[in-house]
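K.L.:
upload_4.tsv is reproduced in full below (TSV, C-alpha atoms).
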```tsv
chain	number	residue	atom	x	y	z
L	1	MET	CA	51.35	158.22	65.29
L	2	LYS	CA	47.56	158.49	65.27
L	3	MET	CA	45.82	158.09	68.62
L	4	ARG	CA	42.64	159.09	70.44
L	5	MET	CA	42.77	161.70	73.19
L	6	ASN	CA	42.26	159.13	75.95
L	7	GLN	CA	45.13	157.09	74.51
L	8	ALA	CA	47.33	160.20	74.41
L	9	ILE	CA	46.65	160.82	78.10
L	10	ALA	CA	47.54	157.23	79.01
L	11	ARG	CA	50.71	157.54	76.92
L	12	ALA	CA	51.70	160.79	78.66
L	13	LEU	CA	51.22	159.18	82.07
L	14	ALA	CA	53.26	156.15	81.08
L	15	ASP	CA	56.09	158.25	79.62
L	16	GLU	CA	56.38	160.36	82.77
L	17	MET	CA	56.16	157.30	85.05
L	18	ARG	CA	59.01	155.67	83.11
L	19	ALA	CA	61.10	158.84	83.38
L	20	ASP	CA	60.45	159.54	87.06
L	21	PRO	CA	59.78	156.81	89.69
L	22	SER	CA	58.19	159.40	91.99
L	23	VAL	CA	55.18	159.79	89.65
L	24	VAL	CA	52.16	157.87	90.97
L	25	VAL	CA	48.56	157.68	89.75
L	26	PHE	CA	45.44	157.21	91.81
L	27	GLY	CA	41.70	157.79	91.62
L	28	GLU	CA	38.42	155.93	91.24
L	29	ASP	CA	38.75	152.89	88.94
L	30	VAL	CA	42.10	153.99	87.48
L	31	ALA	CA	43.82	150.60	88.08
L	32	GLU	CA	42.23	147.37	86.80
L	33	ALA	CA	39.51	149.20	84.84
L	34	GLY	CA	41.97	151.66	83.28
L	35	GLY	CA	39.75	154.64	84.11
L	36	VAL	CA	36.10	155.22	83.33
L	37	PHE	CA	37.16	156.97	80.11
L	38	LYS	CA	40.12	154.58	79.56
L	39	THR	CA	42.78	157.19	80.27
L	40	SER	CA	44.97	154.91	82.39
L	41	VAL	CA	44.80	151.66	80.42
L	42	GLY	CA	47.91	149.53	80.83
L	43	LEU	CA	49.45	151.49	83.71
L	44	LEU	CA	48.70	148.91	86.40
L	45	ASP	CA	50.27	146.10	84.37
L	46	GLU	CA	53.47	148.04	83.73
L	47	PHE	CA	53.96	149.91	87.00
L	48	GLY	CA	52.17	147.78	89.58
L	49	PRO	CA	49.80	148.53	92.48
L	50	MET	CA	52.31	150.62	94.45
L	51	ARG	CA	52.18	153.30	91.73
L	52	VAL	CA	48.69	152.84	90.29
L	53	ARG	CA	45.94	152.67	92.91
L	54	ASN	CA	42.19	152.74	93.10
L	55	THR	CA	40.65	154.96	95.75
L	56	PRO	CA	37.31	155.09	97.53
L	57	ILE	CA	34.59	157.31	96.03
L	58	SER	CA	35.70	160.35	97.99
L	59	GLU	CA	36.95	163.43	96.16
L	60	LEU	CA	38.10	164.93	99.47
L	61	ALA	CA	40.20	161.85	100.25
L	62	ILE	CA	41.67	161.76	96.73
L	63	ALA	CA	42.73	165.41	96.77
L	64	GLY	CA	43.93	165.28	100.36
L	65	ALA	CA	46.05	162.22	99.62
L	66	ALA	CA	47.52	163.97	96.58
L	67	VAL	CA	48.56	167.00	98.62
L	68	GLY	CA	50.08	164.83	101.32
L	69	ALA	CA	51.94	162.63	98.84
L	70	ALA	CA	53.29	165.68	97.02
L	71	ALA	CA	54.51	167.27	100.25
L	72	ALA	CA	56.24	163.97	101.11
L	73	GLY	CA	58.21	163.94	97.86
L	74	LEU	CA	56.07	162.14	95.28
L	75	ARG	CA	54.55	163.57	92.11
L	76	PRO	CA	50.96	162.31	92.29
L	77	VAL	CA	48.51	162.49	89.41
L	78	ALA	CA	45.04	162.25	90.94
L	79	GLU	CA	41.89	161.75	88.88
L	80	ILE	CA	38.60	163.35	89.89
L	81	MET	CA	36.15	161.55	87.63
L	82	PHE	CA	33.81	164.54	87.09
L	83	VAL	CA	34.67	168.15	87.89
L	84	ASP	CA	31.09	168.61	89.13
L	85	PHE	CA	32.13	166.95	92.38
L	86	ILE	CA	35.38	168.82	92.88
L	87	GLY	CA	33.63	171.17	95.27
L	88	LEU	CA	34.02	168.37	97.82
L	89	ALA	CA	37.81	168.60	97.36
L	90	LEU	CA	38.34	172.35	97.13
L	91	ASP	CA	39.95	172.77	100.53
L	92	PRO	CA	42.99	170.54	99.93
L	93	ILE	CA	43.37	171.87	96.38
L	94	VAL	CA	42.91	175.64	96.69
L	95	THR	CA	43.83	176.19	100.35
L	96	GLN	CA	46.42	173.55	101.21
L	97	GLY	CA	48.10	172.54	97.95
L	98	ALA	CA	47.99	175.94	96.30
L	99	PHE	CA	49.31	177.78	99.37
L	100	MET	CA	51.93	175.29	100.53
L	101	HIS	CA	54.84	176.91	98.70
L	102	TYR	CA	53.91	180.37	100.01
L	103	LEU	CA	53.09	179.45	103.60
L	104	SER	CA	56.28	177.43	104.00
L	105	ASN	CA	58.47	180.22	102.64
L	106	GLY	CA	59.32	178.00	99.70
L	107	SER	CA	60.61	175.10	101.78
L	108	VAL	CA	57.76	172.74	100.78
L	109	THR	CA	56.16	172.41	97.35
L	110	ALA	CA	53.14	170.45	96.16
L	111	PRO	CA	53.96	169.11	92.69
L	112	LEU	CA	50.67	167.40	92.00
L	113	VAL	CA	48.25	167.18	89.10
L	114	ILE	CA	44.48	167.00	89.44
L	115	ARG	CA	43.01	165.55	86.22
L	116	THR	CA	39.28	165.89	85.77
L	117	THR	CA	36.65	165.66	83.05
L	118	VAL	CA	34.62	168.72	82.11
L	119	GLY	CA	31.95	169.91	79.77
L	120	SER	CA	28.70	169.07	78.06
L	121	GLY	CA	27.90	167.02	74.96
L	122	ARG	CA	27.57	163.51	76.40
L	123	GLY	CA	24.00	163.65	77.66
L	124	MET	CA	25.01	163.47	81.31
L	125	GLY	CA	22.72	166.18	82.63
L	126	ALA	CA	23.28	169.17	84.86
L	127	THR	CA	25.29	167.41	87.57
L	128	HIS	CA	27.91	165.76	85.29
L	129	SER	CA	28.47	168.33	82.54
L	130	ARG	CA	29.83	171.56	83.97
L	131	THR	CA	33.22	173.15	83.30
L	132	LEU	CA	33.91	175.11	86.53
L	133	GLU	CA	37.40	176.24	85.49
L	134	SER	CA	36.61	179.69	86.84
L	135	TRP	CA	36.49	178.24	90.35
L	136	PHE	CA	40.27	177.91	90.14
L	137	LEU	CA	41.09	181.26	88.57
L	138	GLN	CA	41.06	183.08	91.89
L	139	ALA	CA	43.31	180.56	93.62
L	140	PRO	CA	46.87	181.93	93.68
L	141	GLY	CA	49.40	179.12	93.54
L	142	LEU	CA	47.39	176.93	91.17
L	143	LYS	CA	47.98	176.48	87.47
L	144	VAL	CA	45.05	175.58	85.21
L	145	ALA	CA	45.24	174.04	81.74
L	146	ALA	CA	42.55	172.79	79.34
L	147	VAL	CA	43.14	170.36	76.50
L	148	SER	CA	41.62	170.50	73.03
L	149	SER	CA	43.10	167.51	71.20
L	150	PRO	CA	45.25	164.39	71.65
L	151	ARG	CA	48.40	166.42	70.95
L	152	THR	CA	47.63	169.10	73.54
L	153	ALA	CA	46.47	166.49	76.07
L	154	TYR	CA	49.78	164.67	75.78
L	155	GLY	CA	51.97	167.78	75.78
L	156	LEU	CA	50.21	169.69	78.55
L	157	LEU	CA	49.92	166.67	80.87
L	158	ARG	CA	53.63	165.92	80.66
L	159	ALA	CA	54.42	169.56	81.41
L	160	ALA	CA	51.96	169.57	84.32
L	161	ILE	CA	53.53	166.49	85.91
L	162	ARG	CA	56.98	168.12	85.71
L	163	ASP	CA	55.78	171.41	87.20
L	164	ASP	CA	56.52	172.09	90.88
L	165	ALA	CA	53.18	173.88	91.35
L	166	PRO	CA	49.83	172.10	91.70
L	167	VAL	CA	48.13	171.95	88.31
L	168	VAL	CA	44.46	171.36	87.49
L	169	MET	CA	44.07	169.66	84.09
L	170	LEU	CA	40.64	170.02	82.49
L	171	GLU	CA	39.74	167.32	79.95
L	172	PRO	CA	36.54	167.84	77.87
L	173	LYS	CA	34.86	164.46	77.95
L	174	MET	CA	33.34	164.96	74.49
L	175	LEU	CA	36.89	164.96	73.04
L	176	TYR	CA	38.18	161.67	74.46
L	177	GLY	CA	37.41	159.89	71.18
L	178	LYS	CA	39.00	162.58	68.99
L	179	ARG	CA	41.87	161.24	66.87
L	180	GLU	CA	45.00	163.09	65.83
L	181	ASP	CA	48.31	162.23	64.23
L	182	PHE	CA	51.31	163.42	66.23
L	183	GLU	CA	54.65	162.14	67.44
L	184	PRO	CA	54.88	161.67	71.24
L	185	GLY	CA	58.17	162.35	73.03
L	186	ASP	CA	59.98	165.09	74.87
L	187	ASP	CA	59.70	167.42	71.88
L	188	ALA	CA	55.90	167.22	72.17
L	189	ILE	CA	55.81	168.68	75.70
L	190	ILE	CA	53.83	171.96	75.71
L	191	PRO	CA	54.87	174.60	78.29
L	192	LEU	CA	52.05	175.74	80.56
L	193	GLY	CA	50.93	179.31	79.94
L	194	ARG	CA	51.68	179.29	76.23
L	195	GLY	CA	48.84	179.50	73.71
L	196	GLU	CA	48.90	178.61	70.04
L	197	VAL	CA	47.65	180.23	66.84
L	198	VAL	CA	45.77	177.40	65.12
L	199	ARG	CA	44.47	179.52	62.19
L	200	SER	CA	46.06	182.75	60.98
L	201	GLY	CA	43.91	185.70	59.96
L	202	SER	CA	43.62	189.47	59.82
L	203	ASP	CA	39.96	190.51	60.37
L	204	ALA	CA	39.39	189.33	63.96
L	205	THR	CA	41.04	187.30	66.70
L	206	VAL	CA	38.97	184.38	68.00
L	207	VAL	CA	40.20	183.12	71.39
L	208	THR	CA	39.07	179.58	72.26
L	209	LEU	CA	39.71	176.90	74.88
L	210	GLY	CA	39.05	173.17	75.08
L	211	PRO	CA	36.10	172.12	72.90
L	212	THR	CA	35.54	175.61	71.53
L	213	VAL	CA	38.84	175.34	69.63
L	214	ASP	CA	37.09	173.06	67.13
L	215	VAL	CA	34.19	175.52	66.99
L	216	GLY	CA	36.50	178.44	66.25
L	217	THR	CA	38.45	176.60	63.55
L	218	ARG	CA	35.27	175.38	61.85
L	219	VAL	CA	33.81	178.90	61.87
L	220	ALA	CA	37.09	180.26	60.48
L	221	ASP	CA	37.20	177.60	57.75
L	222	GLU	CA	33.63	178.37	56.65
L	223	SER	CA	33.81	182.18	56.93
L	224	ALA	CA	34.53	184.55	54.08
L	225	ALA	CA	36.38	186.71	56.61
L	226	SER	CA	39.96	186.12	57.70
L	227	LEU	CA	39.80	184.92	61.32
L	228	GLU	CA	42.80	184.25	63.53
L	229	VAL	CA	41.96	181.44	65.95
L	230	ILE	CA	43.94	181.01	69.18
L	231	ASP	CA	43.87	177.93	71.40
L	232	LEU	CA	44.60	179.45	74.82
L	233	ARG	CA	45.53	176.00	76.29
L	234	SER	CA	46.18	177.45	79.78
L	235	ILE	CA	44.04	179.97	81.64
L	236	ARG	CA	46.28	180.35	84.70
L	237	PRO	CA	48.73	181.59	83.62
L	238	TRP	CA	47.40	182.57	80.21
L	239	ASP	CA	49.29	183.84	77.19
L	240	GLU	CA	48.59	187.57	77.32
L	241	ASP	CA	51.40	188.38	74.87
L	242	LEU	CA	50.04	186.03	72.19
L	243	VAL	CA	46.48	187.35	72.48
L	244	CYS	CA	47.46	191.04	72.60
L	245	THR	CA	49.83	190.65	69.65
L	246	SER	CA	47.05	189.07	67.62
L	247	VAL	CA	44.44	191.68	68.58
L	248	ARG	CA	46.90	194.46	67.77
L	249	LYS	CA	47.02	192.99	64.25
L	250	THR	CA	43.31	192.33	63.74
L	251	GLY	CA	41.72	195.11	65.85
L	252	ARG	CA	38.84	192.85	66.90
L	253	LEU	CA	38.45	190.20	69.62
L	254	VAL	CA	35.88	187.42	69.87
L	255	ILE	CA	36.10	184.98	72.80
L	256	VAL	CA	34.24	181.67	72.66
L	257	GLU	CA	33.77	179.98	76.03
L	258	GLU	CA	31.84	176.89	77.09
L	259	GLY	CA	30.49	177.96	80.44
L	260	PRO	CA	27.98	180.41	81.93
L	261	HIS	CA	28.08	184.00	80.71
L	262	THR	CA	28.69	185.41	84.18
L	263	GLY	CA	32.12	185.15	85.78
L	264	GLY	CA	33.91	183.05	83.19
L	265	TRP	CA	37.57	183.10	82.17
L	266	SER	CA	36.64	185.10	79.09
L	267	ASN	CA	35.93	188.05	81.40
L	268	THR	CA	39.58	188.04	82.46
L	269	VAL	CA	40.80	187.96	78.85
L	270	ALA	CA	38.34	190.67	77.80
L	271	ALA	CA	39.25	192.95	80.71
L	272	THR	CA	42.98	192.60	80.09
L	273	VAL	CA	42.76	193.25	76.36
L	274	GLY	CA	40.32	196.10	76.94
L	275	VAL	CA	42.73	197.84	79.27
L	276	GLU	CA	45.84	197.19	77.20
L	277	LEU	CA	44.46	197.89	73.72
L	278	PHE	CA	41.38	200.09	74.18
L	279	GLY	CA	42.65	202.82	71.88
L	280	GLU	CA	43.65	200.35	69.16
L	281	MET	CA	40.42	198.35	68.87
L	282	ARG	CA	38.16	198.68	65.82
L	283	ALA	CA	35.13	197.20	67.62
L	284	PRO	CA	33.93	196.28	71.12
L	285	ILE	CA	35.06	192.94	72.56
L	286	PHE	CA	32.55	190.17	71.83
L	287	ARG	CA	32.13	187.29	74.30
L	288	ILE	CA	30.19	184.21	73.15
L	289	THR	CA	29.35	181.86	76.01
L	290	SER	CA	26.71	179.44	77.21
L	291	PRO	CA	23.67	180.90	78.97
L	292	ASP	CA	23.46	181.29	82.75
L	293	VAL	CA	21.47	178.09	83.24
L	294	PRO	CA	22.31	174.52	84.30
L	295	VAL	CA	23.36	172.22	81.45
L	296	PRO	CA	20.13	170.68	80.07
L	297	PHE	CA	19.72	166.91	79.77
L	298	ALA	CA	17.64	166.86	76.56
L	299	ARG	CA	20.02	166.15	73.68
L	300	ARG	CA	18.83	168.96	71.40
L	301	LEU	CA	18.83	171.50	74.20
L	302	GLU	CA	22.31	170.45	75.29
L	303	THR	CA	24.03	170.43	71.90
L	304	GLU	CA	22.03	173.07	70.03
L	305	MET	CA	20.77	175.51	72.68
L	306	TYR	CA	23.39	175.39	75.45
L	307	PHE	CA	26.83	174.73	73.96
L	308	PRO	CA	28.12	177.59	71.73
L	309	SER	CA	28.05	175.50	68.56
L	310	PRO	CA	29.16	176.63	65.07
L	311	THR	CA	25.44	176.96	64.22
L	312	TRP	CA	25.25	179.98	66.49
L	313	VAL	CA	28.84	181.20	66.62
L	314	GLY	CA	29.24	181.46	62.84
L	315	PRO	CA	26.29	183.81	62.17
L	316	ALA	CA	27.06	185.82	65.31
L	317	VAL	CA	30.65	186.43	64.20
L	318	GLU	CA	29.51	187.35	60.68
L	319	ARG	CA	27.06	189.92	62.06
L	320	PHE	CA	29.72	191.27	64.42
L	321	LEU	CA	32.13	191.77	61.52
L	322	ASP	CA	29.44	193.37	59.33
L	323	THR	CA	28.44	195.98	61.94
L	324	ASP	CA	31.37	196.25	64.36
L	325	GLN	CA	28.71	196.05	67.06
L	326	VAL	CA	28.19	193.24	69.56
L	327	PRO	CA	25.00	191.37	68.54
L	328	PRO	CA	22.69	189.66	71.06
L	329	LEU	CA	23.44	185.98	71.61
L	330	TRP	CA	20.92	183.36	70.52
L	331	TRP	CA	19.50	182.90	74.00
L	332	GLN	CA	19.11	186.65	74.36
L	333	THR	CA	16.80	186.94	71.34
L	334	GLU	CA	13.04	186.69	71.63
L	335	ARG	CA	12.70	183.27	69.94
L	336	GLY	CA	16.19	181.88	70.45
L	337	GLU	CA	17.14	182.60	66.86
L	338	ALA	CA	20.73	182.80	65.64
L	339	SER	CA	22.05	186.35	65.82
```
As structure tokens, please, write out the structure in this file.

P.N.:
Amino acid sequence: MKMRMNQAIARALADEMRADPSVVVFGEDVAEAGGVFKTSVGLLDEFGPMRVRNTPISELAIAGAAVGAAAAGLRPVAEIMFVDFIGLALDPIVTQGAFMHYLSNGSVTAPLVIRTTVGSGRGMGATHSRTLESWFLQAPGLKVAAVSSPRTAYGLLRAAIRDDAPVVMLEPKMLYGKREDFEPGDDAIIPLGRGEVVRSGSDATVVTLGPTVDVGTRVADESAASLEVIDLRSIRPWDEDLVCTSVRKTGRLVIVEEGPHTGGWSNTVAATVGVELFGEMRAPIFRITSPDVPVPFARRLETEMYFPSPTWVGPAVERFLDTDQVPPLWWQTERGEAS
């Protein structure tokens, strides 16, 4: 069945709501409007206003209600329209929801899902285009997943709703229109914490997440080298075994991350692999990220100079493989030229 990513998300919500009457959905404009990105179309008609509710424009209220509903026995799926505003809701997510299981000695859980849009590429400027997944990496008790396609959006969301821990689901807004042919159903559920090899290769491992999965596969398809591309799919927990097994085979690791160079999830992957496989590596670990600047509004700056596009990633990987040295990134060169 071919469907867009936003349709796959709506299908995942509907399938879980049919299977479990405790699953409820709420957020800004999720009911009659079907979500600003049309990810909840049809839910109100099928499940009614007791299970599909609009909320005020208050991220704190949305997240707080989700934690309270989860503690009371429901499985809420709350939508924060843009991750850029999730700072207003951090306390209920990372302090209350994430700690509830631990602070209650396991007697109370918070099985909730926070869905939110992330990333650049839609011309929405600095305040509506960030990723911010690293904000959640240091929050014990949370799980964090990022989708890269309709299939992964469907499979990860269904797994997140069934999980007894609070889960933050990151949905790159530039991928909502992406189409893919897959068969929905229980067999399509993707366990959290398990990555996937999307291209096999032997010269280098390329670890990607969310929108950079397409970048990695395109670079691999166009390269003369044999690149193994991994879609990490979850970053807390993340699939250390899959990545280390691949790097043991290839001897090289490239990580492609949409997000600032400093403090990103790729640092965690690089540090882990560096410690585990230092003596087996054929080259230093190469991280390709966005620069440490706000996401620019100008279209060319956003898509060509901020996001790690194939235009920059491809030549950088080729140079890395030719020299076994980490080249400067495009924004680190004098004239912003490809490495």

K.L.:
I need the residue nearest Ala110 of chain L from this list: L:Pro76, L:Gly125, L:Gly193, L:Gly216. Use all atoms listed in the file for the distance.

P.N.:
L:Pro76

K.L.:
As a PDB file with C-alpha atoms, in the frame of the given file, please: the residues near Gly97 of chain L (cut-off 10 Å, all atoms listed in the file, same-chain neighbours under 5 positions excluded).

P.N.:
```pdb
ATOM      1  CA  ALA L  63      42.730 165.410  96.770  1.00  0.00           C
ATOM      2  CA  GLY L  64      43.930 165.280 100.360  1.00  0.00           C
ATOM      3  CA  ALA L  66      47.520 163.970  96.580  1.00  0.00           C
ATOM      4  CA  VAL L  67      48.560 167.000  98.620  1.00  0.00           C
ATOM      5  CA  GLY L  68      50.080 164.830 101.320  1.00  0.00           C
ATOM      6  CA  ALA L  70      53.290 165.680  97.020  1.00  0.00           C
ATOM      7  CA  ALA L  71      54.510 167.270 100.250  1.00  0.00           C
ATOM      8  CA  LEU L  90      38.340 172.350  97.130  1.00  0.00           C
ATOM      9  CA  ASP L  91      39.950 172.770 100.530  1.00  0.00           C
ATOM     10  CA  PRO L  92      42.990 170.540  99.930  1.00  0.00           C
ATOM     11  CA  TYR L 102      53.910 180.370 100.010  1.00  0.00           C
ATOM     12  CA  THR L 109      56.160 172.410  97.350  1.00  0.00           C
ATOM     13  CA  ALA L 110      53.140 170.450  96.160  1.00  0.00           C
ATOM     14  CA  PRO L 111      53.960 169.110  92.690  1.00  0.00           C
ATOM     15  CA  LEU L 112      50.670 167.400  92.000  1.00  0.00           C
ATOM     16  CA  GLY L 141      49.400 179.120  93.540  1.00  0.00           C
ATOM     17  CA  LEU L 142      47.390 176.930  91.170  1.00  0.00           C
ATOM     18  CA  ALA L 165      53.180 173.880  91.350  1.00  0.00           C
ATOM     19  CA  PRO L 166      49.830 172.100  91.700  1.00  0.00           C
ATOM     20  CA  VAL L 167      48.130 171.950  88.310  1.00  0.00           C
TER      21      VAL L 167
END
```

K.L.:
Can you pull out the residues contacting Val168 of chain L? Cut-off 6 Å, using all atoms listed in the file, and skip same-chain residues under 5 positions away; I want them as an MDAnalysis selection string.

P.N.:
chainID L and resid 113:114 144

K.L.:
Need the shell around Val83 of chain L: protein/DNA/RNA residues with any atom at most 6 Å away, counting all atoms listed in the file. Skip same-chain ones fewer than 4 positions apart. Format as a PyMOL selection string?

P.N.:
chain L and resi 116-118

K.L.:
Hey, what's within 9 Å of segment 21-32 of chain L if we count only C-alpha atoms and toss same-chain stuff fewer than 3 positions away? As a PyMOL selection string, please?

P.N.:
chain L and resi 13+16-18+35-36+38-45+48-59+62+66+73-81+161

K.L.:
Would you save the residues of that selection, restricted to C-alpha atoms, as a PDB file, in the frame of the given file?

P.N.:
```pdb
ATOM      1  CA  LEU L  13      51.220 159.180  82.070  1.00  0.00           C
ATOM      2  CA  GLU L  16      56.380 160.360  82.770  1.00  0.00           C
ATOM      3  CA  MET L  17      56.160 157.300  85.050  1.00  0.00           C
ATOM      4  CA  ARG L  18      59.010 155.670  83.110  1.00  0.00           C
ATOM      5  CA  GLY L  35      39.750 154.640  84.110  1.00  0.00           C
ATOM      6  CA  VAL L  36      36.100 155.220  83.330  1.00  0.00           C
ATOM      7  CA  LYS L  38      40.120 154.580  79.560  1.00  0.00           C
ATOM      8  CA  THR L  39      42.780 157.190  80.270  1.00  0.00           C
ATOM      9  CA  SER L  40      44.970 154.910  82.390  1.00  0.00           C
ATOM     10  CA  VAL L  41      44.800 151.660  80.420  1.00  0.00           C
ATOM     11  CA  GLY L  42      47.910 149.530  80.830  1.00  0.00           C
ATOM     12  CA  LEU L  43      49.450 151.490  83.710  1.00  0.00           C
ATOM     13  CA  LEU L  44      48.700 148.910  86.400  1.00  0.00           C
ATOM     14  CA  ASP L  45      50.270 146.100  84.370  1.00  0.00           C
ATOM     15  CA  GLY L  48      52.170 147.780  89.580  1.00  0.00           C
ATOM     16  CA  PRO L  49      49.800 148.530  92.480  1.00  0.00           C
ATOM     17  CA  MET L  50      52.310 150.620  94.450  1.00  0.00           C
ATOM     18  CA  ARG L  51      52.180 153.300  91.730  1.00  0.00           C
ATOM     19  CA  VAL L  52      48.690 152.840  90.290  1.00  0.00           C
ATOM     20  CA  ARG L  53      45.940 152.670  92.910  1.00  0.00           C
ATOM     21  CA  ASN L  54      42.190 152.740  93.100  1.00  0.00           C
ATOM     22  CA  THR L  55      40.650 154.960  95.750  1.00  0.00           C
ATOM     23  CA  PRO L  56      37.310 155.090  97.530  1.00  0.00           C
ATOM     24  CA  ILE L  57      34.590 157.310  96.030  1.00  0.00           C
ATOM     25  CA  SER L  58      35.700 160.350  97.990  1.00  0.00           C
ATOM     26  CA  GLU L  59      36.950 163.430  96.160  1.00  0.00           C
ATOM     27  CA  ILE L  62      41.670 161.760  96.730  1.00  0.00           C
ATOM     28  CA  ALA L  66      47.520 163.970  96.580  1.00  0.00           C
ATOM     29  CA  GLY L  73      58.210 163.940  97.860  1.00  0.00           C
ATOM     30  CA  LEU L  74      56.070 162.140  95.280  1.00  0.00           C
ATOM     31  CA  ARG L  75      54.550 163.570  92.110  1.00  0.00           C
ATOM     32  CA  PRO L  76      50.960 162.310  92.290  1.00  0.00           C
ATOM     33  CA  VAL L  77      48.510 162.490  89.410  1.00  0.00           C
ATOM     34  CA  ALA L  78      45.040 162.250  90.940  1.00  0.00           C
ATOM     35  CA  GLU L  79      41.890 161.750  88.880  1.00  0.00           C
ATOM     36  CA  ILE L  80      38.600 163.350  89.890  1.00  0.00           C
ATOM     37  CA  MET L  81      36.150 161.550  87.630  1.00  0.00           C
ATOM     38  CA  ILE L 161      53.530 166.490  85.910  1.00  0.00           C
TER      39      ILE L 161
END
```

K.L.:
Output as an mmCIF file, keeping the file's coordinate frame: segment 209-215 of chain L, completed with all heavy atoms.

P.N.:
```cif
data_model
loop_
_atom_site.group_PDB
_atom_site.id
_atom_site.type_symbol
_atom_site.label_atom_id
_atom_site.label_comp_id
_atom_site.auth_asym_id
_atom_site.auth_seq_id
_atom_site.Cartn_x
_atom_site.Cartn_y
_atom_site.Cartn_z
ATOM 1 N N LEU L 209 39.118 177.766 73.847
ATOM 2 C CA LEU L 209 39.710 176.900 74.880
ATOM 3 C C LEU L 209 38.959 175.570 74.868
ATOM 4 O O LEU L 209 37.723 175.545 74.785
ATOM 5 C CB LEU L 209 39.570 177.563 76.254
ATOM 6 C CG LEU L 209 40.166 176.799 77.433
ATOM 7 C CD1 LEU L 209 41.690 176.987 77.456
ATOM 8 C CD2 LEU L 209 39.578 177.304 78.767
ATOM 9 N N GLY L 210 39.685 174.483 74.984
ATOM 10 C CA GLY L 210 39.050 173.170 75.080
ATOM 11 C C GLY L 210 38.193 172.871 73.858
ATOM 12 O O GLY L 210 38.660 172.977 72.710
ATOM 13 N N PRO L 211 36.930 172.507 74.047
ATOM 14 C CA PRO L 211 36.100 172.120 72.900
ATOM 15 C C PRO L 211 35.752 173.271 71.975
ATOM 16 O O PRO L 211 35.369 173.039 70.825
ATOM 17 C CB PRO L 211 34.831 171.556 73.563
ATOM 18 C CG PRO L 211 34.767 172.207 74.893
ATOM 19 C CD PRO L 211 36.215 172.364 75.320
ATOM 20 N N THR L 212 35.873 174.500 72.428
ATOM 21 C CA THR L 212 35.540 175.610 71.530
ATOM 22 C C THR L 212 36.659 175.887 70.517
ATOM 23 O O THR L 212 36.467 176.689 69.606
ATOM 24 C CB THR L 212 35.195 176.902 72.295
ATOM 25 O OG1 THR L 212 36.366 177.425 72.940
ATOM 26 C CG2 THR L 212 34.102 176.674 73.309
ATOM 27 N N VAL L 213 37.800 175.211 70.658
ATOM 28 C CA VAL L 213 38.840 175.340 69.630
ATOM 29 C C VAL L 213 38.312 174.787 68.303
ATOM 30 O O VAL L 213 38.476 175.408 67.243
ATOM 31 C CB VAL L 213 40.116 174.589 70.058
ATOM 32 C CG1 VAL L 213 41.150 174.624 68.937
ATOM 33 C CG2 VAL L 213 40.688 175.210 71.329
ATOM 34 N N ASP L 214 37.666 173.626 68.357
ATOM 35 C CA ASP L 214 37.090 173.060 67.130
ATOM 36 C C ASP L 214 35.998 173.969 66.570
ATOM 37 O O ASP L 214 35.848 174.083 65.346
ATOM 38 C CB ASP L 214 36.511 171.669 67.420
ATOM 39 C CG ASP L 214 37.606 170.616 67.598
ATOM 40 O OD1 ASP L 214 38.756 170.890 67.212
ATOM 41 O OD2 ASP L 214 37.295 169.536 68.129
ATOM 42 N N VAL L 215 35.226 174.600 67.443
ATOM 43 C CA VAL L 215 34.190 175.520 66.990
ATOM 44 C C VAL L 215 34.824 176.703 66.256
ATOM 45 O O VAL L 215 34.408 177.082 65.157
ATOM 46 C CB VAL L 215 33.349 176.036 68.186
ATOM 47 C CG1 VAL L 215 32.339 177.087 67.725
ATOM 48 C CG2 VAL L 215 32.642 174.876 68.879
#
```
